[in-house]
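Containing compact mmCIF, C-alpha atoms: target39.txt.
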# COMPACT_ATOMS: atom_id res chain seq x y z
CA MET A 56 -14.26 -15.15 -46.88
CA ILE A 57 -15.04 -11.65 -48.12
CA SER A 58 -13.06 -9.75 -50.73
CA HIS A 59 -10.83 -6.86 -49.79
CA ASP A 60 -13.21 -4.40 -51.44
CA GLU A 61 -16.01 -5.72 -49.26
CA MET A 62 -13.73 -5.36 -46.25
CA LEU A 63 -13.17 -1.71 -47.16
CA ASP A 64 -16.96 -1.23 -47.20
CA ASN A 65 -17.16 -2.92 -43.82
CA VAL A 66 -14.47 -0.56 -42.51
CA ALA A 67 -16.76 2.34 -43.39
CA ILE A 68 -19.69 0.72 -41.56
CA TYR A 69 -17.35 0.02 -38.64
CA ALA A 70 -16.28 3.68 -38.52
CA LEU A 71 -19.94 4.63 -38.44
CA GLY A 72 -20.57 2.23 -35.55
CA ALA A 73 -23.22 0.34 -37.47
CA LEU A 74 -21.72 -3.15 -37.54
CA PRO A 75 -23.08 -5.93 -35.32
CA PRO A 76 -20.60 -6.86 -32.55
CA ALA A 77 -19.19 -10.01 -34.19
CA GLU A 78 -18.52 -8.26 -37.49
CA ALA A 79 -17.11 -5.22 -35.67
CA ALA A 80 -14.66 -7.48 -33.85
CA ALA A 81 -13.55 -9.01 -37.16
CA VAL A 82 -12.92 -5.58 -38.70
CA ALA A 83 -11.08 -4.39 -35.57
CA ALA A 84 -8.80 -7.41 -35.80
CA HIS A 85 -8.26 -6.86 -39.53
CA LEU A 86 -7.31 -3.21 -38.94
CA GLN A 87 -4.40 -4.39 -36.84
CA THR A 88 -2.81 -6.07 -39.82
CA CYS A 89 -3.96 -4.20 -42.94
CA ALA A 90 -2.41 -0.79 -43.59
CA GLU A 91 -4.78 0.02 -46.47
CA CYS A 92 -7.89 -0.59 -44.38
CA ARG A 93 -6.37 1.35 -41.48
CA ARG A 94 -5.82 4.31 -43.80
CA GLU A 95 -9.42 4.07 -44.96
CA TYR A 96 -10.63 3.98 -41.36
CA GLU A 97 -8.54 7.01 -40.43
CA LEU A 98 -9.80 8.80 -43.53
CA LEU A 99 -13.48 8.18 -42.76
CA ARG A 100 -13.52 8.51 -38.99
CA PRO A 101 -13.43 12.33 -38.97
CA ALA A 102 -16.42 12.33 -41.30
CA VAL A 103 -18.33 10.24 -38.77
CA THR A 104 -17.32 12.61 -35.98
CA ALA A 105 -18.44 15.54 -38.11
CA ALA A 106 -21.79 13.87 -38.78
CA GLY A 107 -22.24 13.44 -35.04
CA ALA A 108 -21.04 16.94 -34.20
CA SER A 109 -23.53 18.41 -36.65
CA ALA A 110 -26.13 17.73 -33.97
CA GLN A 111 -24.48 20.14 -31.53
CA ALA A 112 -27.23 22.17 -29.93
CA ASP A 113 -27.46 25.82 -30.89
CA ALA A 114 -27.08 28.34 -28.10
CA GLY A 115 -30.84 28.80 -27.94
CA ALA A 116 -31.46 25.08 -27.54
CA SER A 117 -28.99 24.38 -24.78
CA PRO A 118 -29.88 22.28 -21.77
CA SER A 119 -31.33 24.02 -18.74
CA PRO A 120 -28.84 26.07 -16.70
CA LEU A 121 -30.10 24.07 -13.74
CA LEU A 122 -28.27 21.06 -15.19
CA LYS A 123 -24.96 22.86 -14.86
CA ALA A 124 -25.91 24.12 -11.42
CA ARG A 125 -26.71 20.58 -10.27
CA LEU A 126 -23.50 19.19 -11.71
CA MET A 127 -21.29 21.90 -10.32
CA ARG A 128 -22.89 21.65 -6.88
CA GLU A 129 -22.01 17.98 -6.76
CA VAL A 130 -18.52 18.64 -8.08
CA ARG A 131 -17.90 21.45 -5.59
CA ASP A 132 -19.31 19.35 -2.76
CA GLN A 133 -16.85 16.61 -3.60
CA THR A 134 -13.88 18.97 -3.81
CA ARG A 135 -14.86 20.48 -0.46
CA THR A 136 -14.39 17.10 1.16
CA ILE A 137 -10.84 17.11 -0.17
CA ARG A 138 -9.66 20.57 0.75
CA ARG A 139 -10.65 23.27 3.20
CA THR A 140 -13.05 25.86 1.95
CA PRO A 141 -10.80 27.96 -0.30
CA MET A 142 -12.79 31.19 0.09
CA TRP A 143 -12.07 31.48 3.82
CA GLY A 144 -8.86 33.32 3.28
CA VAL A 145 -10.39 35.58 0.67
CA TYR A 146 -13.24 36.59 2.95
CA LEU A 147 -10.99 37.18 5.90
CA ALA A 148 -8.50 39.15 3.84
CA ALA A 149 -11.33 41.10 2.26
CA ALA A 150 -13.06 41.90 5.54
CA ALA A 151 -12.64 45.60 4.91
CA CYS A 152 -14.19 45.25 1.48
CA VAL A 153 -17.03 43.23 2.94
CA ALA A 154 -17.64 46.02 5.42
CA PHE A 155 -17.72 48.47 2.54
CA ALA A 156 -20.07 46.27 0.56
CA ILE A 157 -22.63 45.97 3.31
CA GLY A 158 -22.20 49.61 4.25
CA ALA A 159 -25.09 50.72 2.07
CA VAL A 160 -27.62 48.58 3.86
CA LEU A 161 -26.25 49.39 7.25
CA THR A 162 -26.05 53.17 7.05
CA ASN A 163 -29.02 53.64 9.33
CA LEU A 164 -27.66 51.41 12.00
CA SER A 165 -25.64 52.58 14.93
CA LEU A 166 -21.93 52.00 14.80
CA HIS A 167 -22.29 49.34 17.47
CA ASN A 168 -24.98 47.50 15.57
CA ARG A 169 -23.04 47.86 12.37
CA GLN A 170 -19.95 46.30 13.90
CA ALA A 171 -22.04 43.48 15.34
CA GLN A 172 -23.69 42.75 12.00
CA GLN A 173 -20.36 42.92 10.24
CA SER A 174 -18.90 40.42 12.68
CA ALA A 175 -21.89 38.14 12.26
CA LEU A 176 -21.60 38.32 8.50
CA ILE A 177 -17.91 37.48 8.45
CA SER A 178 -18.54 34.75 10.98
CA ASP A 179 -21.23 33.26 8.73
CA LEU A 180 -19.12 33.48 5.59
CA THR A 181 -16.12 31.82 7.17
CA ALA A 182 -17.88 29.28 9.37
CA ALA A 183 -16.51 25.78 9.01
CA ASN A 184 -20.01 24.36 8.63
CA ALA A 185 -21.22 26.98 6.17
CA LYS A 186 -22.44 25.53 2.89
CA HIS A 187 -21.00 27.00 -0.30
CA TYR A 188 -22.83 26.73 -3.62
CA ARG A 189 -20.45 28.02 -6.24
CA PHE A 190 -21.13 29.49 -9.65
CA ALA A 191 -18.87 31.24 -12.12
CA GLY A 192 -17.72 34.44 -10.43
CA GLY A 193 -19.05 33.82 -6.96
CA GLU A 194 -21.03 31.66 -4.63
CA VAL A 195 -24.05 31.45 -2.39
CA VAL A 196 -23.13 30.89 1.24
CA VAL A 197 -25.63 29.44 3.69
CA HIS A 198 -25.05 29.35 7.42
CA ASP A 199 -27.47 28.95 10.29
CA GLY A 200 -30.46 29.65 8.05
CA ARG A 201 -28.98 32.86 6.68
CA LEU A 202 -28.26 33.17 2.98
CA TYR A 203 -25.64 35.32 1.30
CA ILE A 204 -24.69 35.95 -2.30
CA ALA A 205 -20.95 36.63 -2.67
CA MET A 206 -19.90 37.96 -6.07
CA HIS A 207 -16.18 38.24 -6.72
CA ALA A 208 -15.01 41.25 -8.77
CA LEU A 209 -18.49 42.09 -10.02
CA PRO A 210 -18.28 44.71 -12.84
CA PRO A 211 -20.57 47.76 -12.81
CA PRO A 212 -23.88 47.04 -14.54
CA PRO A 213 -24.76 48.88 -17.76
CA ALA A 214 -26.08 52.44 -17.38
CA GLY A 215 -29.60 52.49 -16.01
CA LYS A 216 -29.30 48.94 -14.70
CA VAL A 217 -28.77 47.27 -11.35
CA TYR A 218 -28.14 43.74 -10.18
CA GLN A 219 -31.09 41.99 -8.61
CA ALA A 220 -31.21 38.88 -6.46
CA TRP A 221 -33.90 36.25 -6.95
CA THR A 222 -34.94 33.24 -4.93
CA LEU A 223 -36.92 30.21 -6.00
CA PRO A 224 -39.07 29.02 -3.09
CA LYS A 225 -39.15 25.27 -2.63
CA GLY A 226 -42.04 23.76 -4.56
CA SER A 227 -42.48 26.86 -6.68
CA HIS A 228 -41.78 27.46 -10.35
CA ARG A 229 -41.68 31.26 -10.12
CA MET A 230 -38.73 33.30 -8.99
CA THR A 231 -39.34 35.71 -6.12
CA PRO A 232 -37.76 39.16 -6.49
CA GLU A 233 -35.31 40.11 -3.78
CA GLN A 234 -33.23 43.25 -3.31
CA THR A 235 -31.32 45.13 -5.97
CA PHE A 236 -27.67 45.96 -5.43
CA MET A 237 -24.58 47.48 -6.98
CA PRO A 238 -20.97 46.21 -6.97
CA SER A 239 -18.87 47.16 -4.01
CA GLY A 240 -15.85 48.36 -5.97
CA SER A 241 -12.67 46.34 -5.98
CA GLY A 242 -13.61 43.76 -3.34
CA PRO A 243 -16.22 41.05 -3.26
CA THR A 244 -19.85 42.14 -3.19
CA ILE A 245 -21.73 40.46 -0.38
CA VAL A 246 -25.51 40.56 -0.24
CA GLU A 247 -27.56 39.03 2.55
CA VAL A 248 -30.86 37.82 1.14
CA PRO A 249 -33.52 38.31 3.81
CA VAL A 250 -35.11 34.88 3.61
CA SER A 251 -34.66 31.66 5.51
CA SER A 252 -32.39 29.40 3.51
CA ALA A 253 -34.57 26.44 4.50
CA THR A 254 -37.35 27.74 2.27
CA VAL A 255 -35.20 28.34 -0.81
CA ALA A 256 -34.49 25.89 -3.64
CA ALA A 257 -32.34 28.17 -5.81
CA VAL A 258 -30.80 31.63 -5.88
CA ALA A 259 -30.09 33.73 -8.95
CA VAL A 260 -28.79 37.15 -9.91
CA SER A 261 -29.76 39.06 -13.03
CA VAL A 262 -29.26 42.52 -14.49
CA GLU A 263 -32.47 44.54 -14.26
CA PRO A 264 -33.64 48.12 -14.83
CA LEU A 265 -33.15 50.59 -11.99
CA GLY A 266 -35.66 49.91 -9.25
CA GLY A 267 -35.70 46.20 -9.98
CA SER A 268 -38.26 43.95 -11.66
CA LYS A 269 -41.12 41.76 -10.51
CA GLN A 270 -40.06 39.03 -12.92
CA PRO A 271 -36.57 38.53 -14.40
CA THR A 272 -36.19 40.40 -17.67
CA SER A 273 -32.79 38.93 -18.57
CA LYS A 274 -31.00 35.62 -18.31
CA PRO A 275 -29.38 35.08 -14.91
CA ILE A 276 -25.69 35.89 -14.65
CA ALA A 277 -25.50 33.59 -11.65
CA LEU A 278 -27.54 30.62 -10.58
CA ALA A 279 -27.07 28.27 -7.64
CA VAL A 280 -29.32 25.36 -6.75
CA LEU A 281 -29.31 24.74 -2.99
CA MET B 335 -8.41 16.93 -18.89
CA GLU B 336 -5.16 16.91 -16.98
CA ARG B 337 -6.54 19.54 -14.61
CA VAL B 338 -9.81 17.64 -14.28
CA ARG B 339 -7.83 14.57 -13.30
CA ALA B 340 -6.21 16.73 -10.62
CA ARG B 341 -9.73 17.43 -9.24
CA ASP B 342 -9.80 21.02 -10.46
CA ALA B 343 -13.48 22.01 -10.35
CA ASP B 344 -12.87 25.18 -12.36
CA ALA B 345 -11.27 23.13 -15.14
CA PHE B 346 -14.25 20.79 -15.06
CA GLU B 347 -16.60 23.76 -15.36
CA ALA B 348 -14.64 25.00 -18.39
CA LEU B 349 -14.84 21.51 -19.90
CA TYR B 350 -18.60 21.50 -19.38
CA ASP B 351 -18.97 24.96 -20.92
CA ARG B 352 -16.97 23.87 -23.95
CA TYR B 353 -18.66 20.55 -24.65
CA HIS B 354 -22.12 20.48 -23.05
CA ARG B 355 -23.99 21.64 -26.17
CA LEU B 356 -22.21 19.01 -28.23
CA VAL B 357 -23.08 16.20 -25.82
CA TYR B 358 -26.62 17.42 -25.28
CA GLY B 359 -27.21 17.96 -29.01
CA VAL B 360 -26.10 14.45 -29.93
CA ALA B 361 -28.15 12.93 -27.10
CA LEU B 362 -31.20 14.97 -28.07
CA ARG B 363 -30.87 13.88 -31.70
CA VAL B 364 -30.79 10.23 -30.65
CA LEU B 365 -33.49 10.39 -27.99
CA SER B 366 -35.77 13.17 -29.31
CA ASP B 367 -36.57 13.95 -25.71
CA ALA B 368 -35.05 16.91 -23.86
CA PRO B 369 -35.29 15.57 -20.27
CA SER B 370 -33.73 12.26 -21.29
CA ALA B 371 -31.00 14.10 -23.22
CA GLU B 372 -30.26 16.16 -20.11
CA ASP B 373 -30.05 12.96 -18.06
CA VAL B 374 -27.53 11.54 -20.52
CA THR B 375 -25.54 14.78 -20.52
CA GLN B 376 -25.44 14.83 -16.73
CA ALA B 377 -24.43 11.17 -16.54
CA ILE B 378 -21.55 11.65 -18.97
CA PHE B 379 -20.11 14.71 -17.28
CA MET B 380 -20.54 13.22 -13.83
CA LYS B 381 -18.75 10.09 -14.99
CA LEU B 382 -15.95 12.26 -16.39
CA TRP B 383 -15.61 13.95 -13.02
CA THR B 384 -15.76 10.84 -10.86
CA ASN B 385 -13.64 8.74 -13.18
CA PRO B 386 -11.62 10.95 -15.56
CA SER B 387 -9.42 8.00 -16.48
CA ILE B 388 -12.18 6.77 -18.80
CA PHE B 389 -10.57 9.14 -21.28
CA THR B 390 -6.91 8.34 -21.62
CA VAL B 391 -5.29 9.79 -24.73
CA GLY B 392 -6.37 10.82 -28.19
CA ASN B 393 -8.95 13.15 -29.58
CA PHE B 394 -11.32 14.31 -26.84
CA SER B 395 -13.87 15.84 -29.21
CA ALA B 396 -14.17 12.67 -31.25
CA TRP B 397 -14.33 10.61 -28.08
CA ILE B 398 -17.08 12.59 -26.44
CA VAL B 399 -19.20 12.67 -29.61
CA ARG B 400 -19.16 8.87 -29.64
CA VAL B 401 -19.69 8.63 -25.89
CA ALA B 402 -22.74 10.87 -26.19
CA ARG B 403 -24.06 8.79 -29.05
CA ASN B 404 -23.44 5.47 -27.31
CA ARG B 405 -24.85 6.61 -23.98
CA ALA B 406 -27.97 7.95 -25.65
CA LEU B 407 -28.40 4.70 -27.57
CA ASP B 408 -27.97 2.84 -24.26
CA ALA B 409 -30.81 4.92 -22.85
CA LEU B 410 -32.96 3.93 -25.82
CA ARG B 411 -32.05 0.28 -25.43
CA ALA B 412 -32.70 0.40 -21.70
CA ARG B 413 -36.36 0.68 -22.61
CA ALA B 414 -35.95 -2.75 -24.18
CA ALA B 415 -34.19 -3.93 -21.00
CA ARG B 416 -30.79 -4.25 -22.61
CA PRO B 417 -27.86 -3.77 -20.24
CA GLU B 418 -25.87 -0.55 -20.43
CA GLU B 419 -22.43 -0.69 -21.91
CA GLU B 420 -19.49 0.94 -20.24
CA LEU B 421 -18.30 4.22 -21.66
CA PRO B 422 -15.88 3.41 -24.45
CA GLN B 423 -12.20 3.97 -23.97
CA THR B 424 -10.42 6.47 -26.13
CA LEU B 425 -10.28 5.78 -29.83
CA CYS B 426 -6.97 4.70 -31.14
CA ALA B 427 -6.29 6.89 -34.15
CA GLU B 428 -5.12 10.48 -34.06
CA ASP B 429 -6.28 12.73 -36.81
CA ALA B 430 -5.49 16.41 -37.01
CA LEU B 431 -8.53 17.03 -39.18
CA GLU B 432 -10.83 15.78 -36.48
CA ASP B 433 -9.60 18.38 -34.02
CA ALA B 434 -9.59 21.06 -36.66
CA ALA B 435 -13.02 20.16 -37.93
CA LEU B 436 -14.62 20.59 -34.55
CA ALA B 437 -12.56 23.57 -33.51
CA GLN B 438 -12.95 25.62 -36.67
CA ILE B 439 -16.32 24.67 -38.05
CA ASP B 440 -19.58 25.47 -36.34
CA ALA B 441 -22.39 22.97 -36.24
CA GLN B 442 -24.29 24.86 -38.94
CA THR B 443 -21.43 24.35 -41.39
CA LEU B 444 -21.29 20.66 -40.51
CA ARG B 445 -25.04 20.42 -41.07
CA SER B 446 -24.64 22.11 -44.45
CA ALA B 447 -21.89 19.68 -45.45
CA LEU B 448 -24.09 16.77 -44.43
CA ALA B 449 -27.08 18.23 -46.27
CA GLN B 450 -25.09 18.34 -49.50
CA LEU B 451 -24.81 14.56 -49.56
CA PRO B 452 -27.26 12.70 -51.77
CA GLU B 453 -30.35 11.94 -49.70
CA GLU B 454 -29.89 8.17 -49.89
CA GLN B 455 -26.34 8.46 -48.49
CA ARG B 456 -27.11 11.03 -45.78
CA ARG B 457 -30.12 9.10 -44.53
CA LEU B 458 -28.14 5.90 -44.07
CA ILE B 459 -25.31 7.72 -42.28
CA GLU B 460 -27.76 9.39 -39.91
CA LEU B 461 -29.59 6.10 -39.34
CA GLY B 462 -26.33 4.41 -38.45
CA PHE B 463 -24.99 7.11 -36.18
CA PHE B 464 -28.05 8.54 -34.45
CA GLY B 465 -30.34 5.56 -34.82
CA GLY B 466 -27.86 2.88 -33.78
CA VAL B 467 -29.12 0.80 -36.66
CA THR B 468 -26.90 -1.89 -38.17
CA HIS B 469 -26.40 -2.12 -41.90
CA HIS B 470 -28.42 -5.34 -41.93
CA GLU B 471 -31.35 -3.53 -40.31
CA MET B 472 -30.98 -0.65 -42.76
CA ALA B 473 -31.20 -3.06 -45.69
CA ARG B 474 -34.21 -4.79 -44.18
CA THR B 475 -36.17 -1.63 -43.36
CA THR B 476 -35.36 0.31 -46.52
CA GLY B 477 -35.50 -2.58 -48.97
CA VAL B 478 -32.13 -1.53 -50.36
CA PRO B 479 -29.75 -4.46 -51.05
CA LEU B 480 -27.10 -4.91 -48.35
CA GLY B 481 -24.22 -4.32 -50.76
CA THR B 482 -25.80 -1.06 -51.90
CA VAL B 483 -26.26 0.06 -48.29
CA LYS B 484 -22.56 -0.52 -47.65
CA THR B 485 -21.48 1.28 -50.79
CA ARG B 486 -23.72 4.26 -50.10
CA ILE B 487 -22.41 4.64 -46.57
CA ARG B 488 -18.80 4.46 -47.66
CA SER B 489 -19.36 6.87 -50.56
CA GLY B 490 -21.24 9.26 -48.31
CA LEU B 491 -18.52 9.28 -45.68
CA ARG B 492 -15.88 9.85 -48.35
CA ARG B 493 -17.87 12.78 -49.76
CA LEU B 494 -18.30 14.24 -46.30
CA ARG B 495 -14.59 13.86 -45.63
CA ALA B 496 -13.81 15.63 -48.91
CA ALA B 497 -16.23 18.41 -47.99
CA LEU B 498 -14.43 18.85 -44.67
CA ASP B 499 -11.10 18.97 -46.41
CA GLY B 500 -12.49 21.82 -48.46
CA VAL B 501 -13.34 24.03 -45.50
CA VAL B 502 -10.68 23.12 -42.94
CA SER B 503 -7.06 24.10 -43.25
CA VAL B 504 -5.15 21.21 -41.77
Written form, C-alpha cells:
Amino acid sequence: MISHDEMLDNVAIYALGALPPAEAAAVAAHLQTCAECRREYELLRPAVTAAGASAQADAGASPSPLLKARLMREVRDQTRTIRRTPMWGVYLAAAACVAFAIGAVLTNLSLHNRQAQQSALISDLTAANAKHYRFAGGEVVVHDGRLYIAMHALPPPPAGKVYQAWTLPKGSHRMTPEQTFMPSGSGPTIVEVPVSSATVAAVAVSVEPLGGSKQPTSKPIALAVL
Amino acid sequence: MERVRARDADAFEALYDRYHRLVYGVALRVLSDAPSAEDVTQAIFMKLWTNPSIFTVGNFSAWIVRVARNRALDALRARAARPEEELPQTLCAEDALEDAALAQIDAQTLRSALAQLPEEQRRLIELGFFGGVTHHEMARTTGVPLGTVKTRIRSGLRRLRAALDGVVSV
C-alpha cells in the first residue's frame, strides 16, 4: 500500500505516460475516486501536452508536400465513390470561361478547329470516367491520356511573373518544365499539358519569371500526384 | 471534426493543414527518422479519415499529440516485434489551458519553457514522453533512485504548468 503522496507522484508519471500498464491501471482506477489526485492530474496534463507540442515541426522542417498529395488523393478518391464528381456542374456552367481560357493557345486555329477542340476539352473535363486529382484551389483532370490543370479563381501573378506547369515523369526525380500561362480572368483557368498522362507521376504549378524556368525557382502552389 | 465525420474532404484538408506539423514533429522526435515519421503521420491522418469516431469528444490538440507519440512509439516497438496498440480514445478531462496553450503559443515558446526546467527534470520528462521509457527504466539507466525520479518528474511538470500559466491568458 503506497502513501497518498506517493500516489500523487504516480499521478504525474501517469500523466506523462511513463507508468507500466499495471501501475497505470491502478492510478486510473484511483482517479475515479480521489478528487485531489484528479485535480493534480488535470493540473499536470496540459504540461505534458505542452512538452509534446514543443516538438512541432517548424515550417522549414515540414513533411514532404507529396505526403499531403498522397493523402488527399486517397481521400478525394473515396469521396468520389460517394458522390458524383462535383466539378461537372462548374465546368459546364463555366464553358464560356473555359473557351476564354484556352483562347490564347487556340488563336491560330480556324474557328472550326477551335470549336472542335473546345468541345473535346469540355468533354474530357466532364467525362464520367475522367480522373480528378484535387489540390487546394483546383485539380488535375486526366481523361483518355490527356492531362489538364484546372485552377479555380487563380489570382494574377506578381508583376514580371507567370504561372508555369511542371510534370514529373514516372521514374524520374526531376521536374520537366511545361508551358507558362496566365489566369483567365474570373472563370477557371484550364491548361492542357501536352504530354501523355500515362508517362506522368505528378503535376505541379509554380510562379516563375516571365518566359518560364528550366527548373522550379519557387515552391509549388499546386501539386497533384497521379 | 464534425465536418470530417460528414466526409467533407475540404474539412479534412484543413485539419491536415492545421495539425500535420504537430503530428510529424512529435513522430520525428520519437523516431529520429523522417521517412518513418512521415509514415506515422500518414497513418494517423488516414485513420482519422477512415474512422473519425476514434476521436469522440474532448481536446483534439491534446489527443492528437498523444496519438502521434503513441503511434511513433508503436513504430519503434514494432522493430522489437511488439504488437501495435489501437489509437487511444479521447482523454477524459477538459482543460481550457490545454486549448489555449496550443492555440496561442508557438512551438518555440513551448521549447523555451521546457528549456527553463532544471536539466535533470527536463531530461526525465523528455525520456518519458518521447522515449516511451517507464520510470523504472529511467531509474535503472540513470542510476537515480526511483523516488527521486518520480519527484523530479512531478516537480518538472508543475514548473512547466506554472510557466504556461505565465504566458497564456486563460
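CA of Ser109 in chain A sits 6.9 Å away from CA of Gln442 in chain B.
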Note to self: Can you measure CA of Arg341 in chain B to CA of Phe389 in chain B for me? One decimal in Å is fine.
What the structure shows: 14.6 Å
Please, which residues in chain A fall within 8 Å of chain B when counting all atoms listed in the file, and what is the closest atom pair and distance in Å to one decimal for each, ordered by chain then residue number, as CSV?
residue,atom,partner,partner_atom,distance
A:Asp64,CA,B:Lys484,CA,5.7
A:Asn65,CA,B:Lys484,CA,7.0
A:Ala67,CA,B:Arg488,CA,5.2
A:Ile68,CA,B:Lys484,CA,6.8
A:Leu71,CA,B:Phe463,CA,6.1
A:Gly72,CA,B:Phe463,CA,6.6
A:Ala73,CA,B:Thr468,CA,4.4
A:Leu74,CA,B:Thr468,CA,5.4
A:Pro75,CA,B:Thr468,CA,6.2
A:Glu97,CA,B:Ala427,CA,6.7
A:Leu98,CA,B:Arg495,CA,7.3
A:Leu99,CA,B:Leu491,CA,5.9
A:Pro101,CA,B:Glu432,CA,5.0
A:Ala102,CA,B:Arg495,CA,4.9
A:Val103,CA,B:Leu491,CA,7.0
A:Thr104,CA,B:Ala396,CA,5.7
A:Ala105,CA,B:Leu444,CA,6.3
A:Ala106,CA,B:Leu448,CA,6.8
A:Gly107,CA,B:Val399,CA,6.3
A:Ala108,CA,B:Leu356,CA,6.4
A:Ser109,CA,B:Ala441,CA,4.7
A:Ala110,CA,B:Gly359,CA,5.1
A:Gln111,CA,B:Leu356,CA,4.2
A:Ala112,CA,B:Gly359,CA,4.3
A:Asp113,CA,B:Arg355,CA,7.2
A:Ala114,CA,B:Arg355,CA,7.6
A:Ser117,CA,B:Arg355,CA,5.9
A:Pro118,CA,B:Glu372,CA,6.4
A:Leu122,CA,B:Gln376,CA,7.0
A:Lys123,CA,B:Tyr350,CA,7.9
A:Leu126,CA,B:Gln376,CA,6.9
A:Met127,CA,B:Glu347,CA,7.1
A:Val130,CA,B:Ala343,CA,6.5
A:Arg131,CA,B:Ala343,CA,6.5
A:Thr134,CA,B:Arg341,CA,7.0
Notebook entry, point to check: Can you tell me how far CA of Thr482 in chain B sits from CA of Arg405 in chain B, in Å to one decimal?
Noted result: 29.0 Å
Next item on the list: Write out as a list in words the residues lying within 7 Å of range 219-228 of chain A, counting all atoms listed in the file and excluding same-chain residues fewer than 2 positions away.
Entry: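 Near neighbours after the sequence-gap exclusion: Val217, Met230, Thr231, Pro232, Glu233, Gln234, Thr235, Phe236, Thr254, Val255, Ala256, Ala257, Val258, Ala259, Val260, Ser261, Val262, Glu263 and Gly267 of chain A.
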Item checked: Distance criterion (only C-alpha atoms): nearest to Leu407 in chain B out of B:Ser366, B:Leu349, B:Glu336, B:Pro479 ->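 Nearest candidate to Leu407 in chain B out of B:Ser366, B:Leu349, B:Glu336, B:Pro479: B:Ser366.
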Within 8 Å of Gly192 in chain A using all atoms listed in the file, minus same-chain residues under 4 positions, as a PDB file with C-alpha atoms, keeping the file's coordinate frame:
ATOM      1  CA  MET A 206     -19.900  37.960  -6.070  1.00  0.00           C
ATOM      2  CA  HIS A 207     -16.180  38.240  -6.720  1.00  0.00           C
ATOM      3  CA  ALA A 208     -15.010  41.250  -8.770  1.00  0.00           C
ATOM      4  CA  LEU A 209     -18.490  42.090 -10.020  1.00  0.00           C
ATOM      5  CA  ALA A 277     -25.500  33.590 -11.650  1.00  0.00           C
TER       6      ALA A 277
END
Note to self: Residues proximal to (-6.0, 1.1, -50.2) were defined as those with any atom within 12 Å of that point in the file's coordinates, counting only C-alpha atoms. Which are they, as an NGL selection string?
What the structure shows: :A and (59-60 or 62-64 or 66 or 89-98)
